[in-house]
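Novice: I'd like to ask some things about the structure below.
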Amino acid sequence: MSQTDRIAFVIFGVTGDLARRKLIPALYELGLTDRLPMPIDIIGFARRDWTDASMKIMLRTGVMDFARTQPVNETALNTLLETARYVQGAFDDPSGYSTLGKLLDELNTPNVLFYLATPPENYTQIIQQIALSGIKNDRPGWTRIIIEKPYGRDLTSAE
């Protein structure tokens, strides 16, 4: 992937601790070292009654508190969060995925990465809803899904 290949980075479970403490600070660090295509469209998906602004505040706080590189470069952080958007929806509710699909169409970003920062029991449901919603069917570029481990507690639960 070249640095000009714009991507939408969709984070399911963006309101959780993993996104705030690990994921967003890691994206910030990648941005500092020019290892992230910019601009990147960060899209948070969760059920909390948040707005774009409230999500950006949480993401900003995560970087300020947990980024390895301190002090935080405000310009780089602002660039990272500039296009961040929030979609409210439950993992089992098709209407949230419809809203997400419309946003992706609006942004016209060719590449989409879905990051599941959720408990393992939600993985199948989210992936099925993405498929049922038709998100990304007619768009050029690639689509990827990243599943945050653990996959289960043992072989049976992982399967």
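Scheme for the structure tokens: letters A, B, ... for chains in order shown; per-chain residue numbers from 1; ligand numbers from 1 in order shown.
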Skip region 25-31 of chain A itself and residues of its chain fewer than 3 positions away, then list as a VMD selection string all residues within 7 Å of it, counting only C-alpha atoms.
Specialist: chain A and resid 21 to 22 34 to 36 62 to 63 66 to 67 77 80
Novice: Could you name the residues that touch Ala131 (chain A) at 12 Å or less, counting only C-alpha atoms, but leaving out those on the same chain fewer than 2 positions away, as an MDAnalysis selection string?
Specialist: chainID A and resid 94 97:98 101 114 124:129 133:137 143 145
Novice: For the selection just defined, write its residues with C-alpha atoms to a file, as a tab-separated table (two decimals), in the first residue's frame.
Specialist:
```
chain	number	residue	atom	x	y	z
A	94	PRO	CA	-28.96	-3.44	10.45
A	97	TYR	CA	-24.69	-0.73	9.14
A	98	SER	CA	-26.92	1.09	6.67
A	101	GLY	CA	-22.58	2.18	4.31
A	114	PHE	CA	-12.83	-3.08	9.57
A	124	THR	CA	-19.61	-13.44	13.82
A	125	GLN	CA	-22.53	-11.07	14.24
A	126	ILE	CA	-20.56	-8.03	13.02
A	127	ILE	CA	-19.07	-9.86	10.03
A	128	GLN	CA	-22.50	-11.20	9.04
A	129	GLN	CA	-24.05	-7.73	9.32
A	133	SER	CA	-25.58	-4.73	4.46
A	134	GLY	CA	-23.80	-4.84	1.10
A	135	ILE	CA	-21.14	-2.43	2.32
A	136	LYS	CA	-18.28	-2.19	-0.14
A	137	ASN	CA	-19.85	-4.26	-2.94
A	143	THR	CA	-11.63	-4.60	2.10
A	145	ILE	CA	-11.27	-7.34	8.54
```
Novice: Let's see if you can do this: from backbone DSSP, list all helix (DSSP H, G or I) residues in chain A, as a PyMOL selection string.
Specialist: chain A and resi 17-32+52-66+74-81+94-107+120-133+155-158
Novice: Rank nothing, just name the residue among A:Asn111, A:Ser157, A:Asn122, A:Thr33 nearest to Gly141 (chain A), using only C-alpha atoms.
Specialist: A:Asn111
Novice: For the strand (DSSP E or B) assignment from backbone DSSP, which residues of region 65-142 of chain A qualify? Please present them as a ChimeraX atom specification.
Specialist: /A:85-88,111-116
Novice: Mind dumping the selected residues with N, CA, C and O atoms as a PDB file, in the first residue's frame?
Specialist:
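Contents of the output file part.pdb:
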```pdb
ATOM      1  N   ARG A  85     -15.111  10.253  12.255  1.00  0.00           N
ATOM      2  CA  ARG A  85     -16.571  10.301  12.322  1.00  0.00           C
ATOM      3  C   ARG A  85     -17.070   9.178  13.222  1.00  0.00           C
ATOM      4  O   ARG A  85     -16.400   8.161  13.393  1.00  0.00           O
ATOM      5  N   TYR A  86     -18.272   9.353  13.737  1.00  0.00           N
ATOM      6  CA  TYR A  86     -18.869   8.354  14.629  1.00  0.00           C
ATOM      7  C   TYR A  86     -20.205   7.895  14.070  1.00  0.00           C
ATOM      8  O   TYR A  86     -21.017   8.722  13.627  1.00  0.00           O
ATOM      9  N   VAL A  87     -20.429   6.585  14.107  1.00  0.00           N
ATOM     10  CA  VAL A  87     -21.711   5.997  13.724  1.00  0.00           C
ATOM     11  C   VAL A  87     -22.246   5.245  14.924  1.00  0.00           C
ATOM     12  O   VAL A  87     -21.579   4.350  15.451  1.00  0.00           O
ATOM     13  N   GLN A  88     -23.440   5.624  15.354  1.00  0.00           N
ATOM     14  CA  GLN A  88     -24.069   4.928  16.478  1.00  0.00           C
ATOM     15  C   GLN A  88     -24.882   3.760  15.944  1.00  0.00           C
ATOM     16  O   GLN A  88     -25.672   3.905  15.004  1.00  0.00           O
ATOM     17  N   ASN A 111     -10.519   2.061  -0.112  1.00  0.00           N
ATOM     18  CA  ASN A 111     -10.098   0.925   0.708  1.00  0.00           C
ATOM     19  C   ASN A 111     -10.712   1.024   2.091  1.00  0.00           C
ATOM     20  O   ASN A 111     -10.716   2.085   2.704  1.00  0.00           O
ATOM     21  N   VAL A 112     -11.198  -0.131   2.584  1.00  0.00           N
ATOM     22  CA  VAL A 112     -11.869  -0.146   3.890  1.00  0.00           C
ATOM     23  C   VAL A 112     -11.273  -1.243   4.758  1.00  0.00           C
ATOM     24  O   VAL A 112     -11.174  -2.400   4.340  1.00  0.00           O
ATOM     25  N   LEU A 113     -10.877  -0.864   5.960  1.00  0.00           N
ATOM     26  CA  LEU A 113     -10.370  -1.804   6.945  1.00  0.00           C
ATOM     27  C   LEU A 113     -11.345  -1.792   8.127  1.00  0.00           C
ATOM     28  O   LEU A 113     -11.579  -0.743   8.723  1.00  0.00           O
ATOM     29  N   PHE A 114     -11.937  -2.932   8.424  1.00  0.00           N
ATOM     30  CA  PHE A 114     -12.830  -3.080   9.573  1.00  0.00           C
ATOM     31  C   PHE A 114     -12.020  -3.692  10.713  1.00  0.00           C
ATOM     32  O   PHE A 114     -11.471  -4.780  10.569  1.00  0.00           O
ATOM     33  N   TYR A 115     -11.966  -3.006  11.819  1.00  0.00           N
ATOM     34  CA  TYR A 115     -11.205  -3.467  12.983  1.00  0.00           C
ATOM     35  C   TYR A 115     -12.199  -3.799  14.088  1.00  0.00           C
ATOM     36  O   TYR A 115     -12.928  -2.929  14.547  1.00  0.00           O
ATOM     37  N   LEU A 116     -12.227  -5.058  14.509  1.00  0.00           N
ATOM     38  CA  LEU A 116     -13.175  -5.497  15.522  1.00  0.00           C
ATOM     39  C   LEU A 116     -12.530  -5.459  16.902  1.00  0.00           C
ATOM     40  O   LEU A 116     -11.909  -6.415  17.338  1.00  0.00           O
TER      41      LEU A 116
END
```
